[in-house]
Structure formats: structure tokens, C-alpha cells
file upload_5.pdb (PDB, C-alpha atoms)
ATOM      1  CA  MET Y  30      -7.029 -22.077 -76.712
ATOM      2  CA  PRO Y  31      -7.715 -22.649 -72.976
ATOM      3  CA  ALA Y  32      -6.287 -20.238 -70.366
ATOM      4  CA  ARG Y  33      -3.175 -21.417 -68.724
ATOM      5  CA  ARG Y  34      -3.202 -21.653 -64.915
ATOM      6  CA  LEU Y  35      -0.352 -20.436 -62.802
ATOM      7  CA  PRO Y  36       1.105 -22.961 -60.384
ATOM      8  CA  SER Y  37       0.260 -22.411 -56.686
ATOM      9  CA  TRP Y  38       3.873 -21.677 -55.786
ATOM     10  CA  ALA Y  39       3.767 -18.667 -58.116
ATOM     11  CA  TRP Y  40       0.685 -17.297 -56.346
ATOM     12  CA  VAL Y  41       2.227 -17.799 -52.898
ATOM     13  CA  SER Y  42       5.498 -16.203 -53.993
ATOM     14  CA  GLY Y  43       3.696 -13.209 -55.504
ATOM     15  CA  LEU Y  44       1.562 -12.639 -52.413
ATOM     16  CA  THR Y  45       4.613 -12.936 -50.128
ATOM     17  CA  VAL Y  46       6.591 -10.387 -52.175
ATOM     18  CA  GLY Y  47       3.594  -8.030 -52.122
ATOM     19  CA  ALA Y  48       3.183  -8.356 -48.346
ATOM     20  CA  VAL Y  49       6.893  -7.739 -47.702
ATOM     21  CA  ALA Y  50       6.790  -4.663 -49.972
ATOM     22  CA  ALA Y  51       3.754  -3.298 -48.074
ATOM     23  CA  VAL Y  52       5.504  -3.778 -44.718
ATOM     24  CA  VAL Y  53       8.631  -2.001 -45.987
ATOM     25  CA  VAL Y  54       6.554   0.948 -47.268
ATOM     26  CA  MET Y  55       4.736   1.240 -43.900
ATOM     27  CA  ALA Y  56       8.030   1.029 -41.971
ATOM     28  CA  VAL Y  57       9.543   3.845 -44.057
ATOM     29  CA  GLN Y  58       6.425   5.996 -43.530
ATOM     30  CA  ALA Y  59       6.481   5.317 -39.765
ATOM     31  CA  GLU Y  60      10.155   6.260 -39.555
ATOM     32  CA  GLN Y  61       9.389   9.645 -41.146
ATOM     33  CA  GLY Y  62       6.422  10.385 -38.859
ATOM     34  CA  PRO Y  63       6.388  11.863 -35.340
ATOM     35  CA  HIS Y  64       8.150   9.872 -32.613
ATOM     36  CA  PRO Y  65       6.696   9.537 -29.092
ATOM     37  CA  THR Y  66       8.849  10.799 -26.245
ATOM     38  CA  ALA Y  67       8.785   9.852 -22.589
ATOM     39  CA  VAL Y  68       7.222  12.425 -20.318
ATOM     40  CA  ALA Y  69       8.327  12.603 -16.711
ATOM     41  CA  SER Y  70       5.483  12.026 -14.281
ATOM     42  CA  PRO Y  71       4.955  14.728 -11.692
ATOM     43  CA  THR Y  72       6.043  13.639  -8.245
ATOM     44  CA  PRO Y  73       3.367  13.487  -5.568
ATOM     45  CA  SER Y  74       3.489  16.426  -3.203
ATOM     46  CA  ALA Y  75       3.077  16.324   0.533
ATOM     47  CA  SER Y  76      -0.468  16.770   1.728
ATOM     48  CA  ALA Y  77      -1.995  17.839   4.996
ATOM     49  CA  SER Y  78      -4.743  15.270   4.476
ATOM     50  CA  ALA Y  79      -5.341  12.675   7.175
ATOM     51  CA  LYS Y  80      -5.559  10.053   4.423
ATOM     52  CA  PRO Y  81      -2.273   8.221   3.889
ATOM     53  CA  SER Y  82      -1.000   8.030   0.362
ATOM     54  CA  ALA Y  83       0.412   5.017  -1.392
ATOM     55  CA  ARG Y  84       4.180   4.724  -1.198
ATOM     56  CA  PRO Y  85       5.815   5.107  -4.613
ATOM     57  CA  LYS Y  86       7.389   1.843  -5.736
ATOM     58  CA  ASP Y  87      10.839   3.340  -6.359
ATOM     59  CA  ARG Y  88      11.318   4.863  -2.911
ATOM     60  CA  PRO Y  89      12.714   2.709  -0.107
ATOM     61  CA  PRO Y  90      10.458   2.265   2.925
ATOM     62  CA  ALA Y  91      10.847   4.721   5.765
ATOM     63  CA  ALA Y  92      13.479   3.724   8.300
ATOM     64  CA  VAL Y  93      12.419   2.654  11.781
ATOM     65  CA  PRO Y  94      12.851   5.637  14.136
ATOM     66  CA  ASP Y  95      16.136   5.476  16.063
ATOM     67  CA  ASP Y  96      14.457   6.088  19.422
ATOM     68  CA  SER Y  97      12.077   3.116  19.112
ATOM     69  CA  GLY Y  98      14.093   0.553  21.066
ATOM     70  CA  THR Y  99      15.294  -2.863  19.950
ATOM     71  CA  GLY Y 100      13.898  -6.343  19.485
ATOM     72  CA  ARG Y 101      10.518  -7.583  18.315
ATOM     73  CA  ARG Y 102       8.018  -4.726  18.487
ATOM     74  CA  ILE Y 103       5.421  -2.586  16.783
ATOM     75  CA  VAL Y 104       6.529   1.019  16.300
ATOM     76  CA  TYR Y 105       3.949   3.776  15.813
ATOM     77  CA  SER Y 106       5.112   7.259  14.803
ATOM     78  CA  LEU Y 107       2.628   9.999  15.637
ATOM     79  CA  GLY Y 108       4.275  12.528  13.313
ATOM     80  CA  GLN Y 109       4.705  10.215  10.341
ATOM     81  CA  ARG Y 110       1.368   8.450  10.848
ATOM     82  CA  ARG Y 111       3.259   5.241  10.175
ATOM     83  CA  VAL Y 112       3.563   1.783  11.738
ATOM     84  CA  TRP Y 113       6.486  -0.633  11.520
ATOM     85  CA  LEU Y 114       6.396  -4.324  12.393
ATOM     86  CA  VAL Y 115       9.937  -5.109  13.561
ATOM     87  CA  ASP Y 116      11.201  -8.655  14.171
ATOM     88  CA  ALA Y 117      13.594  -9.872  16.899
ATOM     89  CA  SER Y 118      16.634  -9.169  14.694
ATOM     90  CA  ASP Y 119      15.532  -5.508  14.318
ATOM     91  CA  SER Y 120      14.546  -6.026  10.673
ATOM     92  CA  THR Y 121      11.417  -4.314   9.387
ATOM     93  CA  ARG Y 122       8.889  -6.925   8.299
ATOM     94  CA  ARG Y 123       6.292  -4.383   7.138
ATOM     95  CA  THR Y 124       5.679  -0.646   7.277
ATOM     96  CA  PHE Y 125       2.629   1.349   6.251
ATOM     97  CA  THR Y 126       0.754   4.591   6.873
ATOM     98  CA  VAL Y 127      -2.366   4.820   9.031
ATOM     99  CA  TRP Y 128      -5.301   7.087   9.845
ATOM    100  CA  PRO Y 129      -4.976   8.105  13.514
ATOM    101  CA  GLY Y 130      -7.898   8.698  15.837
ATOM    102  CA  THR Y 131      -8.496  12.021  17.576
ATOM    103  CA  VAL Y 132      -6.861  10.843  20.825
ATOM    104  CA  ASP Y 133      -3.157  10.088  20.455
ATOM    105  CA  PRO Y 134      -1.287   7.842  22.863
ATOM    106  CA  ASP Y 135       1.595   9.477  24.690
ATOM    107  CA  PRO Y 136       5.073   8.538  23.429
ATOM    108  CA  GLY Y 137       6.367   5.526  25.355
ATOM    109  CA  LYS Y 138       6.329   1.738  25.553
ATOM    110  CA  TYR Y 139       3.137  -0.264  25.892
ATOM    111  CA  THR Y 140       2.116  -3.899  25.715
ATOM    112  CA  VAL Y 141      -0.645  -5.487  23.638
ATOM    113  CA  GLY Y 142      -3.226  -6.397  26.238
ATOM    114  CA  ALA Y 143      -6.404  -7.447  24.481
ATOM    115  CA  ARG Y 144      -7.465  -8.368  20.969
ATOM    116  CA  THR Y 145     -10.941  -8.457  19.475
ATOM    117  CA  GLU Y 146     -11.596 -10.101  16.133
ATOM    118  CA  ALA Y 147     -14.503  -7.816  15.086
ATOM    119  CA  THR Y 148     -16.835  -5.166  16.474
ATOM    120  CA  THR Y 149     -18.333  -1.792  15.580
ATOM    121  CA  GLY Y 150     -16.082   1.245  16.015
ATOM    122  CA  SER Y 151     -17.143   4.390  17.861
ATOM    123  CA  ASP Y 152     -17.778   5.936  14.426
ATOM    124  CA  GLY Y 153     -20.351   3.231  13.598
ATOM    125  CA  VAL Y 154     -18.087   1.434  11.094
ATOM    126  CA  ALA Y 155     -17.710  -2.360  11.259
ATOM    127  CA  ILE Y 156     -14.050  -2.992  12.145
ATOM    128  CA  GLU Y 157     -11.845  -6.060  12.529
ATOM    129  CA  HIS Y 158      -8.482  -7.124  13.898
ATOM    130  CA  ILE Y 159      -8.598  -4.760  16.867
ATOM    131  CA  VAL Y 160      -5.345  -4.773  18.851
ATOM    132  CA  TYR Y 161      -5.591  -2.743  22.097
ATOM    133  CA  PHE Y 162      -2.420  -1.427  23.709
ATOM    134  CA  THR Y 163      -3.369   1.529  25.966
ATOM    135  CA  ALA Y 164      -6.044   3.987  27.043
ATOM    136  CA  LYS Y 165      -5.936   7.743  27.489
ATOM    137  CA  SER Y 166      -8.583   9.990  29.036
ATOM    138  CA  GLY Y 167     -10.947   7.018  29.184
ATOM    139  CA  VAL Y 168     -10.525   6.254  25.465
ATOM    140  CA  ASN Y 169      -9.155   2.852  24.410
ATOM    141  CA  ILE Y 170      -6.404   3.127  21.831
ATOM    142  CA  ALA Y 171      -6.041   0.273  19.356
ATOM    143  CA  PHE Y 172      -4.994  -0.651  15.850
ATOM    144  CA  SER Y 173      -7.854  -1.769  13.579
ATOM    145  CA  SER Y 174      -9.109  -1.888  10.009
ATOM    146  CA  ALA Y 175     -12.562  -1.382   8.515
ATOM    147  CA  VAL Y 176     -14.184  -4.632   7.370
ATOM    148  CA  ASP Y 177     -15.002  -3.013   4.006
ATOM    149  CA  GLY Y 178     -11.447  -1.635   3.674
ATOM    150  CA  SER Y 179     -12.535   2.002   3.739
ATOM    151  CA  SER Y 180     -10.786   4.909   5.398
ATOM    152  CA  PRO Y 181     -12.537   6.271   8.493
ATOM    153  CA  PRO Y 182     -15.092   9.028   8.047
ATOM    154  CA  PRO Y 183     -14.143  12.455   9.411
ATOM    155  CA  PRO Y 184     -14.871  12.471  13.153
ATOM    156  CA  GLU Y 185     -17.765  14.489  14.483
ATOM    157  CA  ALA Y 186     -16.759  17.743  16.175
ATOM    158  CA  GLY Y 187     -15.487  16.984  19.665
ATOM    159  CA  ALA Y 188     -15.560  13.204  19.163
ATOM    160  CA  GLN Y 189     -12.848  11.267  20.966
ATOM    161  CA  THR Y 190     -11.713   8.256  18.989
ATOM    162  CA  GLY Y 191      -8.722   6.054  19.762
ATOM    163  CA  GLY Y 192      -8.808   3.796  16.724
ATOM    164  CA  ILE Y 193      -5.677   3.835  14.592
ATOM    165  CA  ARG Y 194      -7.116   2.620  11.308
ATOM    166  CA  MET Y 195      -5.208   0.915   8.554
ATOM    167  CA  ARG Y 196      -5.889  -0.789   5.258
ATOM    168  CA  SER Y 197      -7.256  -4.338   5.457
ATOM    169  CA  ALA Y 198      -4.036  -6.113   4.445
ATOM    170  CA  ASP Y 199      -2.075  -4.087   7.009
ATOM    171  CA  GLY Y 200      -4.676  -4.850   9.678
ATOM    172  CA  SER Y 201      -4.322  -8.570   8.962
ATOM    173  CA  ALA Y 202      -0.536  -8.292   9.252
ATOM    174  CA  VAL Y 203      -0.790  -6.507  12.617
ATOM    175  CA  TRP Y 204      -3.306  -9.096  13.838
ATOM    176  CA  LYS Y 205      -0.883 -11.933  13.059
ATOM    177  CA  PHE Y 206       2.143 -10.083  14.489
ATOM    178  CA  ALA Y 207       0.641  -8.523  17.634
ATOM    179  CA  THR Y 208       0.033 -11.382  20.010
ATOM    180  CA  ALA Y 209      -0.707 -10.608  23.657
ATOM    181  CA  GLY Y 210       2.391  -9.191  25.327
ATOM    182  CA  THR Y 211       3.908  -7.737  22.136
ATOM    183  CA  THR Y 212       5.639  -4.396  22.763
ATOM    184  CA  VAL Y 213       4.204  -1.284  21.099
ATOM    185  CA  THR Y 214       6.551   1.700  21.042
ATOM    186  CA  VAL Y 215       4.990   5.099  20.314
ATOM    187  CA  VAL Y 216       7.339   7.849  19.141
ATOM    188  CA  LYS Y 217       6.793  11.466  18.166
TER     189      LYS Y 217
END
call {"tool": "encode", "arguments": {"input": "upload_5.pdb", "output": "C-alpha cells"}}
result
Amino acid sequence: MPARRLPSWAWVSGLTVGAVAAVVVMAVQAEQGPHPTAVASPTPSASASAKPSARPKDRPPAAVPDDSGTGRRIVYSLGQRRVWLVDASDSTRRTFTVWPGTVDPDPGKYTVGARTEATTGSDGVAIEHIVYFTAKSGVNIAFSSAVDGSSPPPPEAGAQTGGIRMRSADGSAVWKFATAGTTVTVVK
């Protein structure tokens, strides 16, 4: 007598029941095993480093200093090592941390006088988007960014540098915002 073949629907039904049973068994085993728990990330601590740190995504940006005036302007805080681009309605368009040079401008109001698209900084680094706004002790003080996006190297002992370096994207934003005659307010 020849062997009787099972219809294809019987095979499909059997395999489906077997697969469902296997999934149920694995789900029960997983439920009885260890469960992952969320671990709180440590919060970044303040650092005395000259290198600015990235702003955490959940913290609101730093407020523009009260003593920085009104209207369209660039605000540079010496103590916070931070720049704000403020529009005519006193709204912050962008804020970011910077690497200051060794010569700080005095607190006060200045005007963007000259702009240079690219050159070599006094530290030998190729820089771009240089926005000059004052000079002190014979040192030009300007915002700029390294062409390669790097932070500035530590200055040589006794070197006088007036470049206020920023990340490339921030340098591009300052370049677009800081046309000749734009006010720069420096605060403590």
C-alpha cells in the first residue's frame, strides 16, 4: 500500500502551531529572567579647562547678560567664555562657548571694523571668518575659527594672542551676522 501524503494546509498549520508554541516558551523564559533597569548618567562637572564643553541637550541656553545693552549685537562674556548673537528684537539667535586668546578685550562696546575671510593665526593655525572688533596692547582682537575645526593649541609662554576661537559652525554664524558696523558688547 502506498504512503499517504498529508495535504499542504496540514503542514503549514503544524509549522505555524509549532512556531507560536516556541515564541510563547521564549516569552515565558524572558519574563522570568533578569530585567534591565535604567541607570542615571553622571552629570558633567565644571572644569577649569580652557576647552568649552558641549551644552547638554536638556538644559536651556544661557541667558544674555543683563548688562549687555539692547538691540542687534554680539555679546561676549569674558567670565563665561560665551558668545551670543542677539537680533534687533533682543532675541538670542545663537549662543556658544569659545576659546579665548591670552589678551582679553576690556568690558565695553565696540564695533566690527574689519573682516578677513582666511589667514594664518599668530599660533600658525589656518583660520577663517575673522571678525575684528578692537585692539589692546598692540594685539588685534577678533572672533575666528580654525579651518580644520580644531581647538587652538596651548599658547607658548608669554605669547599674546587676541583670537577668540570658536567651532567652525559658530564661526560661520558669526561671519554671516557680524557685518561691518555691528556692535560687539564685552561683559565680565
call {"tool": "atom_distance", "arguments": {"input": "upload_5.pdb", "atom1": "CA of Val112 in chain Y", "atom2": "CA of Ala147 in chain Y"}}
result
20.7 Å
call {"tool": "resolve_selection", "arguments": {"input": "upload_5.pdb", "expression": "the PyMOL selection byres ((chain Y and resi 169-181) around 7)", "output": "list in words"}}
result
Val154, Ala155, Ile156, Glu157, His158, Ile159, Val160, Tyr161, Phe162, Thr163, Ala164, Lys165, Gly167, Val168, Pro182, Pro183, Gly191, Gly192, Ile193, Arg194, Met195, Arg196, Ser197 and Gly200 of chain Y
call {"tool": "residues_around", "arguments": {"input": "upload_5.pdb", "residues": "range 87-98 of chain Y", "least_positions_apart": "4", "cutoff": "7 Å", "atoms": "all atoms listed in the file", "output": "count of residues only"}}
result
4
call {"tool": "atom_distance", "arguments": {"input": "upload_5.pdb", "atom1": "CA of Ala186 in chain Y", "atom2": "CA of Ser151 in chain Y"}}
result
13.5 Å
call {"tool": "axis_aligned_box", "arguments": {"input": "upload_5.pdb", "around": "range 131-140 of chain Y", "padding_each_side": "8 Å", "output": "AutoDock Vina command-line options"}}
result
--center_x -1.1 --center_y 4.1 --center_z 21.7 --size_x 30.9 --size_y 31.9 --size_z 24.3
call {"tool": "atom_distance", "arguments": {"input": "upload_5.pdb", "atom1": "CA of Val132 in chain Y", "atom2": "CA of Ser120 in chain Y"}}
result
29.1 Å
call {"tool": "residues_around", "arguments": {"input": "upload_5.pdb", "residues": "Thr140 in chain Y", "least_positions_apart": "3", "cutoff": "7 Å", "atoms": "only C-alpha atoms", "output": "VMD selection string"}}
result
chain Y and resid 162 210 to 213
call {"tool": "closest_residue", "arguments": {"input": "upload_5.pdb", "among": "Y:Tyr105, Y:Ala188, Y:Phe206, Y:Gly100", "to": "Pro134 in chain Y", "atoms": "all atoms listed in the file"}}
result
Y:Tyr105
call {"tool": "closest_residue", "arguments": {"input": "upload_5.pdb", "among": "Y:Asp133, Y:Gly187, Y:Lys217, Y:Leu114", "to": "Lys205 in chain Y", "atoms": "all atoms listed in the file"}}
result
Y:Leu114
